[in-house]
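J.: Sending over my_file35.csv (CSV, C-alpha atoms).
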chain,number,residue,atom,x,y,z
A,1,THR,CA,-8.9,26.9,24.1
A,2,GLN,CA,-10.6,24.7,26.7
A,3,LEU,CA,-8.3,23.6,29.5
A,4,LEU,CA,-9.4,20.3,31.0
A,5,GLU,CA,-7.6,18.9,34.0
A,6,GLN,CA,-8.2,15.6,35.7
A,7,SER,CA,-6.7,14.8,39.2
A,8,PRO,CA,-5.1,12.9,40.6
A,9,GLN,CA,-3.2,11.5,37.6
A,10,PHE,CA,-2.4,8.3,39.5
A,11,LEU,CA,-4.2,6.7,42.5
A,12,SER,CA,-3.1,3.4,44.2
A,13,ILE,CA,-5.3,2.3,47.1
A,14,GLN,CA,-6.2,-0.8,49.0
A,15,GLU,CA,-9.5,-2.7,48.6
A,16,GLY,CA,-12.2,-1.2,50.7
A,17,GLU,CA,-10.9,2.4,50.7
A,18,ASN,CA,-12.9,5.3,49.3
A,19,LEU,CA,-11.6,7.7,46.7
A,20,THR,CA,-12.6,10.7,44.6
A,21,VAL,CA,-11.3,11.9,41.2
A,22,TYR,CA,-11.9,15.3,39.8
A,23,CYS,CA,-12.4,16.8,36.4
A,24,ASN,CA,-12.0,20.6,36.2
A,25,SER,CA,-12.2,23.1,33.4
A,26,SER,CA,-12.3,26.8,32.7
A,27,SER,CA,-15.3,26.3,30.3
A,28,VAL,CA,-19.0,25.7,30.8
A,29,PHE,CA,-20.3,22.5,29.4
A,30,SER,CA,-23.6,21.4,28.2
A,31,SER,CA,-23.0,17.9,29.6
A,32,LEU,CA,-20.2,15.7,30.8
A,33,GLN,CA,-19.6,12.0,30.4
A,34,TRP,CA,-17.4,9.6,32.5
A,35,TYR,CA,-15.8,6.6,30.9
A,36,ARG,CA,-13.7,3.8,32.3
A,37,GLN,CA,-11.0,2.0,30.2
A,38,GLU,CA,-9.3,-1.2,30.9
A,39,PRO,CA,-5.9,-2.1,29.3
A,40,GLY,CA,-6.3,-3.2,25.7
A,41,GLU,CA,-9.9,-2.2,25.5
A,42,GLY,CA,-11.9,0.8,24.5
A,43,PRO,CA,-13.5,3.2,27.0
A,44,VAL,CA,-16.9,2.2,28.4
A,45,LEU,CA,-19.5,4.8,29.2
A,46,LEU,CA,-20.3,5.0,32.9
A,47,VAL,CA,-22.6,8.0,33.1
A,48,THR,CA,-23.8,11.3,31.5
A,49,VAL,CA,-24.6,14.3,33.7
A,50,VAL,CA,-26.4,17.2,32.2
A,51,THR,CA,-27.8,19.5,34.8
A,52,GLY,CA,-25.7,21.7,37.1
A,53,GLY,CA,-25.6,20.2,40.6
A,54,GLU,CA,-26.8,16.8,39.3
A,55,VAL,CA,-25.8,13.8,41.3
A,56,LYS,CA,-26.0,10.3,39.8
A,57,LYS,CA,-25.3,7.0,41.5
A,58,LEU,CA,-24.2,3.8,39.8
A,59,LYS,CA,-23.8,1.1,42.6
A,60,ARG,CA,-20.7,2.2,44.5
A,61,LEU,CA,-19.9,5.1,42.1
A,62,THR,CA,-21.3,8.6,42.7
A,63,PHE,CA,-21.0,11.2,40.0
A,64,GLN,CA,-21.6,14.9,40.5
A,65,PHE,CA,-21.8,17.8,38.0
A,66,GLY,CA,-20.7,21.2,39.4
A,67,ASP,CA,-23.4,23.9,39.8
A,68,ALA,CA,-21.7,26.0,37.2
A,69,ARG,CA,-21.2,23.0,34.9
A,70,LYS,CA,-17.4,23.6,34.8
A,71,ASP,CA,-16.4,20.6,36.9
A,72,SER,CA,-17.3,17.1,37.9
A,73,SER,CA,-16.3,14.5,40.4
A,74,LEU,CA,-16.4,10.7,40.7
A,75,HIS,CA,-16.5,9.1,44.1
A,76,ILE,CA,-16.0,5.4,44.6
A,77,THR,CA,-17.1,3.9,47.9
A,78,ALA,CA,-15.3,0.7,49.2
A,79,ALA,CA,-13.2,0.3,46.1
A,80,GLN,CA,-12.7,-3.2,44.7
A,81,PRO,CA,-9.9,-4.6,42.4
A,82,GLY,CA,-12.5,-4.7,39.6
A,83,ASP,CA,-12.6,-0.9,39.8
A,84,THR,CA,-9.0,-0.8,38.5
A,85,GLY,CA,-8.7,1.1,35.2
A,86,LEU,CA,-8.3,4.5,33.6
A,87,TYR,CA,-11.1,6.9,34.4
A,88,LEU,CA,-11.7,9.6,31.8
A,89,CYS,CA,-14.0,12.6,31.8
A,90,ALA,CA,-15.3,13.9,28.5
A,91,PRO,CA,-17.2,17.2,28.6
A,92,ARG,CA,-19.5,18.2,25.8
A,93,ALA,CA,-19.6,21.7,24.6
A,94,GLY,CA,-22.8,21.3,22.5
A,95,GLY,CA,-23.4,23.1,19.3
A,96,THR,CA,-21.3,21.7,16.4
A,97,SER,CA,-19.3,19.4,18.7
A,98,TYR,CA,-21.4,16.4,17.8
A,99,GLY,CA,-19.3,13.3,17.5
A,100,LYS,CA,-16.3,15.0,19.1
A,101,LEU,CA,-15.4,14.1,22.6
A,102,THR,CA,-12.5,16.0,24.3
A,103,PHE,CA,-11.0,13.7,26.9
A,104,GLY,CA,-9.0,14.6,30.0
A,105,GLN,CA,-5.7,12.8,30.5
A,106,GLY,CA,-7.5,10.5,32.9
A,107,THR,CA,-6.9,9.1,36.3
A,108,ILE,CA,-5.2,5.7,36.5
A,109,LEU,CA,-6.7,3.8,39.5
A,110,THR,CA,-5.2,0.7,40.9
A,111,VAL,CA,-7.0,-1.1,43.7
A,112,HIS,CA,-4.9,-3.7,45.5
A,113,PRO,CA,-6.6,-6.8,47.0
B,114,LYS,CA,-26.5,-7.2,20.6
B,115,ALA,CA,-23.2,-6.9,18.7
B,116,GLY,CA,-20.8,-4.2,19.8
B,117,VAL,CA,-18.5,-2.0,17.8
B,118,THR,CA,-16.1,-4.2,15.8
B,119,GLN,CA,-12.7,-3.0,14.7
B,120,THR,CA,-10.4,-4.9,12.4
B,121,PRO,CA,-7.6,-5.8,12.6
B,122,ARG,CA,-6.8,-5.8,16.3
B,123,TYR,CA,-3.0,-5.6,15.7
B,124,LEU,CA,-1.0,-4.3,12.8
B,125,ILE,CA,2.7,-3.8,12.2
B,126,LYS,CA,3.7,-1.5,9.3
B,127,THR,CA,6.9,0.0,8.0
B,128,ARG,CA,7.6,3.7,7.8
B,129,GLY,CA,6.3,5.2,4.6
B,130,GLN,CA,3.6,2.6,4.1
B,131,GLN,CA,-0.1,3.2,4.3
B,132,VAL,CA,-2.7,1.5,6.4
B,133,THR,CA,-6.5,1.1,6.4
B,134,LEU,CA,-8.4,0.4,9.5
B,135,SER,CA,-12.0,-0.7,9.6
B,136,CYS,CA,-14.9,-0.1,12.0
B,137,SER,CA,-18.4,-1.6,12.0
B,138,PRO,CA,-20.7,0.3,14.3
B,139,ILE,CA,-23.6,-0.9,16.4
B,140,SER,CA,-26.7,-1.5,14.2
B,141,GLY,CA,-28.7,1.7,14.0
B,142,HIS,CA,-25.8,4.0,15.0
B,143,ARG,CA,-25.2,6.5,12.2
B,144,SER,CA,-22.4,8.5,13.8
B,145,VAL,CA,-18.8,7.0,13.8
B,146,SER,CA,-15.9,8.8,15.4
B,147,TRP,CA,-12.2,7.9,15.4
B,148,TYR,CA,-9.7,8.6,18.1
B,149,GLN,CA,-5.9,8.1,18.5
B,150,GLN,CA,-4.7,7.1,21.9
B,151,THR,CA,-1.0,7.4,22.9
B,152,PRO,CA,0.6,7.4,26.4
B,153,GLY,CA,1.9,10.9,25.9
B,154,GLN,CA,-1.1,12.6,24.3
B,155,GLY,CA,-4.0,10.6,25.6
B,156,LEU,CA,-7.2,10.2,23.6
B,157,GLN,CA,-7.3,12.6,20.7
B,158,PHE,CA,-10.2,13.1,18.3
B,159,LEU,CA,-9.5,12.4,14.6
B,160,PHE,CA,-12.8,12.9,12.8
B,161,GLU,CA,-16.5,12.0,12.9
B,162,TYR,CA,-18.8,10.8,10.2
B,163,PHE,CA,-22.5,10.9,10.1
B,164,SER,CA,-24.6,9.6,7.1
B,165,GLU,CA,-21.4,9.4,5.0
B,166,THR,CA,-20.5,13.0,5.6
B,167,GLN,CA,-17.5,14.2,7.7
B,168,ARG,CA,-19.0,16.6,10.3
B,169,ASN,CA,-16.0,17.2,12.5
B,170,LYS,CA,-12.3,17.0,12.2
B,171,GLY,CA,-9.5,17.1,14.8
B,172,ASN,CA,-6.1,18.6,14.4
B,173,PHE,CA,-4.3,15.9,12.5
B,174,PRO,CA,-2.3,16.2,9.3
B,175,GLY,CA,-3.9,15.4,6.0
B,176,ARG,CA,-2.2,12.0,6.0
B,177,PHE,CA,-5.1,10.9,8.2
B,178,SER,CA,-8.4,10.4,6.3
B,179,GLY,CA,-11.6,8.5,6.6
B,180,ARG,CA,-14.8,7.7,5.0
B,181,GLN,CA,-18.2,6.2,5.9
B,182,PHE,CA,-20.2,3.9,3.7
B,183,SER,CA,-24.0,3.8,3.3
B,184,ASN,CA,-24.3,1.0,5.8
B,185,SER,CA,-22.5,3.2,8.4
B,186,ARG,CA,-19.3,1.2,8.4
B,187,SER,CA,-16.3,3.4,8.4
B,188,GLU,CA,-12.6,3.2,7.4
B,189,MET,CA,-9.7,5.4,8.3
B,190,ASN,CA,-6.6,5.6,6.3
B,191,VAL,CA,-3.1,6.8,7.2
B,192,SER,CA,-0.7,7.4,4.4
B,193,THR,CA,3.1,7.7,4.5
B,194,LEU,CA,3.3,6.3,8.0
B,195,GLU,CA,5.6,7.8,10.6
B,196,LEU,CA,7.0,6.2,13.8
B,197,GLY,CA,4.9,8.7,15.8
B,198,ASP,CA,1.7,7.2,14.3
B,199,SER,CA,2.2,4.1,16.5
B,200,ALA,CA,-0.9,4.2,18.7
B,201,LEU,CA,-4.2,2.6,19.6
B,202,TYR,CA,-6.8,3.7,17.2
B,203,LEU,CA,-10.3,3.6,18.6
B,204,CYS,CA,-13.6,3.9,16.8
B,205,ALA,CA,-16.8,4.9,18.6
B,206,SER,CA,-20.4,4.8,17.4
B,207,SER,CA,-23.5,6.6,18.6
B,208,PHE,CA,-27.1,7.6,17.7
B,209,ALA,CA,-25.6,11.1,17.8
B,210,THR,CA,-28.5,12.6,19.7
B,211,PRO,CA,-27.5,15.2,22.3
B,212,ASN,CA,-26.0,13.7,25.5
B,213,TYR,CA,-26.2,10.1,24.1
B,214,GLY,CA,-23.1,8.1,25.0
B,215,TYR,CA,-20.6,6.6,22.7
B,216,THR,CA,-19.8,2.9,22.4
B,217,PHE,CA,-16.2,2.2,21.7
B,218,GLY,CA,-14.6,-0.7,19.9
B,219,SER,CA,-11.6,-2.5,21.3
B,220,GLY,CA,-9.3,-0.7,19.0
B,221,THR,CA,-6.6,-1.4,16.5
B,222,ARG,CA,-3.0,-1.4,17.9
B,223,LEU,CA,-0.8,0.0,15.1
B,224,THR,CA,2.9,-0.3,15.4
B,225,VAL,CA,5.1,1.5,12.9
B,226,VAL,CA,8.7,0.3,12.6
If you convert what's in this file into structure tokens, what do you get?
T.:
Amino acid sequence: TQLLEQSPQFLSIQEGENLTVYCNSSSVFSSLQWYRQEPGEGPVLLVTVVTGGEVKKLKRLTFQFGDARKDSSLHITAAQPGDTGLYLCAPRAGGTSYGKLTFGQGTILTVHP
Amino acid sequence: KAGVTQTPRYLIKTRGQQVTLSCSPISGHRSVSWYQQTPGQGLQFLFEYFSETQRNKGNFPGRFSGRQFSNSRSEMNVSTLELGDSALYLCASSFATPNYGYTFGSGTRLTVV
């Protein structure tokens, strides 16, 4: 059984601070997606990382896929209140897992003005 | 372009009743997945349909069922509702190619009383 851990579970910071959230597993993944969910809405895809060691940037957000493809991190520079939300990682195992995303418990980020 | 549409947004049902939720995917998306989200369990995969066939199923009792129509629209049904079925039910659609992201609807908030 795949063990997927996201940390920290909660993060409360001031506007302008930097932060990193982590997604770790004991399994190797074919790819990994990060989503952000705001209250009362569905998750929104932020990025897909595929290659071990891959780094992708989306404005102030930097995503990294571990070399062994077992872990990933999301770094936010100069956080803003609009970054507030639940951040979810969803690794893909490939094969017959099409259509099935296994989500971590997520990191609830609150950015105070 | 239109997003994933879920109806209804909110629903209150009594224990023992059954409920049907609807999902209209993005035009061209043939894969539709359903998820249950609760504070305690997070986002859990229910099932996925592709071209009217169920390709994947999560670990939920048989009271949870679904189907997909020829126009890719999907419905999920929960029979004999229990209090623990209270949750946000999310639908996601995709082209279902490897590493392609999923677009989620805003969900249906089901409350069982």
J.: Distance limit 12 Å, atoms considered: only C-alpha atoms. Which chain B residues sit that close to chain A? Return them as a PDB file with C-alpha atoms, keeping the file's coordinate frame.
T.:
ATOM      1  CA  GLY B 116     -20.800  -4.200  19.800  1.00  0.00           C
ATOM      2  CA  VAL B 117     -18.500  -2.000  17.800  1.00  0.00           C
ATOM      3  CA  THR B 118     -16.100  -4.200  15.800  1.00  0.00           C
ATOM      4  CA  GLN B 119     -12.700  -3.000  14.700  1.00  0.00           C
ATOM      5  CA  ARG B 122      -6.800  -5.800  16.300  1.00  0.00           C
ATOM      6  CA  TYR B 123      -3.000  -5.600  15.700  1.00  0.00           C
ATOM      7  CA  HIS B 142     -25.800   4.000  15.000  1.00  0.00           C
ATOM      8  CA  ARG B 143     -25.200   6.500  12.200  1.00  0.00           C
ATOM      9  CA  SER B 144     -22.400   8.500  13.800  1.00  0.00           C
ATOM     10  CA  VAL B 145     -18.800   7.000  13.800  1.00  0.00           C
ATOM     11  CA  SER B 146     -15.900   8.800  15.400  1.00  0.00           C
ATOM     12  CA  TRP B 147     -12.200   7.900  15.400  1.00  0.00           C
ATOM     13  CA  TYR B 148      -9.700   8.600  18.100  1.00  0.00           C
ATOM     14  CA  GLN B 149      -5.900   8.100  18.500  1.00  0.00           C
ATOM     15  CA  GLN B 150      -4.700   7.100  21.900  1.00  0.00           C
ATOM     16  CA  THR B 151      -1.000   7.400  22.900  1.00  0.00           C
ATOM     17  CA  PRO B 152       0.600   7.400  26.400  1.00  0.00           C
ATOM     18  CA  GLY B 153       1.900  10.900  25.900  1.00  0.00           C
ATOM     19  CA  GLN B 154      -1.100  12.600  24.300  1.00  0.00           C
ATOM     20  CA  GLY B 155      -4.000  10.600  25.600  1.00  0.00           C
ATOM     21  CA  LEU B 156      -7.200  10.200  23.600  1.00  0.00           C
ATOM     22  CA  GLN B 157      -7.300  12.600  20.700  1.00  0.00           C
ATOM     23  CA  PHE B 158     -10.200  13.100  18.300  1.00  0.00           C
ATOM     24  CA  LEU B 159      -9.500  12.400  14.600  1.00  0.00           C
ATOM     25  CA  PHE B 160     -12.800  12.900  12.800  1.00  0.00           C
ATOM     26  CA  GLU B 161     -16.500  12.000  12.900  1.00  0.00           C
ATOM     27  CA  TYR B 162     -18.800  10.800  10.200  1.00  0.00           C
ATOM     28  CA  PHE B 163     -22.500  10.900  10.100  1.00  0.00           C
ATOM     29  CA  THR B 166     -20.500  13.000   5.600  1.00  0.00           C
ATOM     30  CA  GLN B 167     -17.500  14.200   7.700  1.00  0.00           C
ATOM     31  CA  ARG B 168     -19.000  16.600  10.300  1.00  0.00           C
ATOM     32  CA  ASN B 169     -16.000  17.200  12.500  1.00  0.00           C
ATOM     33  CA  LYS B 170     -12.300  17.000  12.200  1.00  0.00           C
ATOM     34  CA  GLY B 171      -9.500  17.100  14.800  1.00  0.00           C
ATOM     35  CA  ASN B 172      -6.100  18.600  14.400  1.00  0.00           C
ATOM     36  CA  ALA B 200      -0.900   4.200  18.700  1.00  0.00           C
ATOM     37  CA  LEU B 201      -4.200   2.600  19.600  1.00  0.00           C
ATOM     38  CA  TYR B 202      -6.800   3.700  17.200  1.00  0.00           C
ATOM     39  CA  LEU B 203     -10.300   3.600  18.600  1.00  0.00           C
ATOM     40  CA  CYS B 204     -13.600   3.900  16.800  1.00  0.00           C
ATOM     41  CA  ALA B 205     -16.800   4.900  18.600  1.00  0.00           C
ATOM     42  CA  SER B 206     -20.400   4.800  17.400  1.00  0.00           C
ATOM     43  CA  SER B 207     -23.500   6.600  18.600  1.00  0.00           C
ATOM     44  CA  PHE B 208     -27.100   7.600  17.700  1.00  0.00           C
ATOM     45  CA  ALA B 209     -25.600  11.100  17.800  1.00  0.00           C
ATOM     46  CA  THR B 210     -28.500  12.600  19.700  1.00  0.00           C
ATOM     47  CA  PRO B 211     -27.500  15.200  22.300  1.00  0.00           C
ATOM     48  CA  ASN B 212     -26.000  13.700  25.500  1.00  0.00           C
ATOM     49  CA  TYR B 213     -26.200  10.100  24.100  1.00  0.00           C
ATOM     50  CA  GLY B 214     -23.100   8.100  25.000  1.00  0.00           C
ATOM     51  CA  TYR B 215     -20.600   6.600  22.700  1.00  0.00           C
ATOM     52  CA  THR B 216     -19.800   2.900  22.400  1.00  0.00           C
ATOM     53  CA  PHE B 217     -16.200   2.200  21.700  1.00  0.00           C
ATOM     54  CA  GLY B 218     -14.600  -0.700  19.900  1.00  0.00           C
ATOM     55  CA  SER B 219     -11.600  -2.500  21.300  1.00  0.00           C
ATOM     56  CA  GLY B 220      -9.300  -0.700  19.000  1.00  0.00           C
ATOM     57  CA  THR B 221      -6.600  -1.400  16.500  1.00  0.00           C
ATOM     58  CA  ARG B 222      -3.000  -1.400  17.900  1.00  0.00           C
TER      59      ARG B 222
END
J.: Mind checking which residues fall within 6 Å of range 56-70 of chain A, counting all atoms listed in the file, ignoring those fewer than 5 positions away in the same chain, and posting them as a VMD selection string?
T.: chain A and resid 25 27 to 29 75 to 77
J.: When you draw a straight line from CA of Tyr87 in chain A to CA of Leu109 in chain A, how long is it in Å?
T.: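 Answer for the CA of Tyr87 in chain A to CA of Leu109 in chain A separation: 7.4 Å.
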J.: Within 10 Å of (-17.6, 7.5, 4.3) (file coordinates; all atoms listed in the file), which protein or nucleic acid residues are there? I'd like them as a JSON list (two decimals) with C-alpha atoms, keeping the file's coordinate frame.
T.:
[["chain", "number", "residue", "atom", "x", "y", "z"],
["B", 145, "VAL", "CA", -18.80, 7.00, 13.80],
["B", 161, "GLU", "CA", -16.50, 12.00, 12.90],
["B", 162, "TYR", "CA", -18.80, 10.80, 10.20],
["B", 163, "PHE", "CA", -22.50, 10.90, 10.10],
["B", 164, "SER", "CA", -24.60, 9.60, 7.10],
["B", 165, "GLU", "CA", -21.40, 9.40, 5.00],
["B", 166, "THR", "CA", -20.50, 13.00, 5.60],
["B", 167, "GLN", "CA", -17.50, 14.20, 7.70],
["B", 178, "SER", "CA", -8.40, 10.40, 6.30],
["B", 179, "GLY", "CA", -11.60, 8.50, 6.60],
["B", 180, "ARG", "CA", -14.80, 7.70, 5.00],
["B", 181, "GLN", "CA", -18.20, 6.20, 5.90],
["B", 182, "PHE", "CA", -20.20, 3.90, 3.70],
["B", 183, "SER", "CA", -24.00, 3.80, 3.30],
["B", 184, "ASN", "CA", -24.30, 1.00, 5.80],
["B", 185, "SER", "CA", -22.50, 3.20, 8.40],
["B", 186, "ARG", "CA", -19.30, 1.20, 8.40],
["B", 187, "SER", "CA", -16.30, 3.40, 8.40],
["B", 188, "GLU", "CA", -12.60, 3.20, 7.40],
["B", 189, "MET", "CA", -9.70, 5.40, 8.30]]
J.: Could you tell me which of A:Ala79, A:Ala93, A:Glu5, A:Val111 comes closest to Asn18 in chain A if we count all atoms listed in the file?
T.: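 Looking at the shortest contact to Asn18 in chain A, the residue is A:Ala79.
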J.: Provide the CA of Leu74 in chain A to CA of Cys23 in chain A distance in Å, to one decimal place.
T.: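 CA of Cys23 in chain A lies 8.5 Å from CA of Leu74 in chain A.
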J.: Tell me, as a ChimeraX atom specification, which residues lie within 8 Å of Ile125 in chain B, counting all atoms listed in the file; anything in the same chain fewer than 2 positions away does not count.
T.: /B:123,127,223-226
J.: Please indicate the distance in Å from CA of Thr84 in chain A to CA of Asp71 in chain A, rounded to one decimal place.
T.: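 According to the coordinates, CA of Thr84 in chain A and CA of Asp71 in chain A are separated by 22.7 Å.
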J.: Taking into account all atoms listed in the file, which residue in the set B:Gln131, B:Lys126, B:Ser199, B:Ser137 is nearest to Arg176 in chain B?
T.: B:Gln131
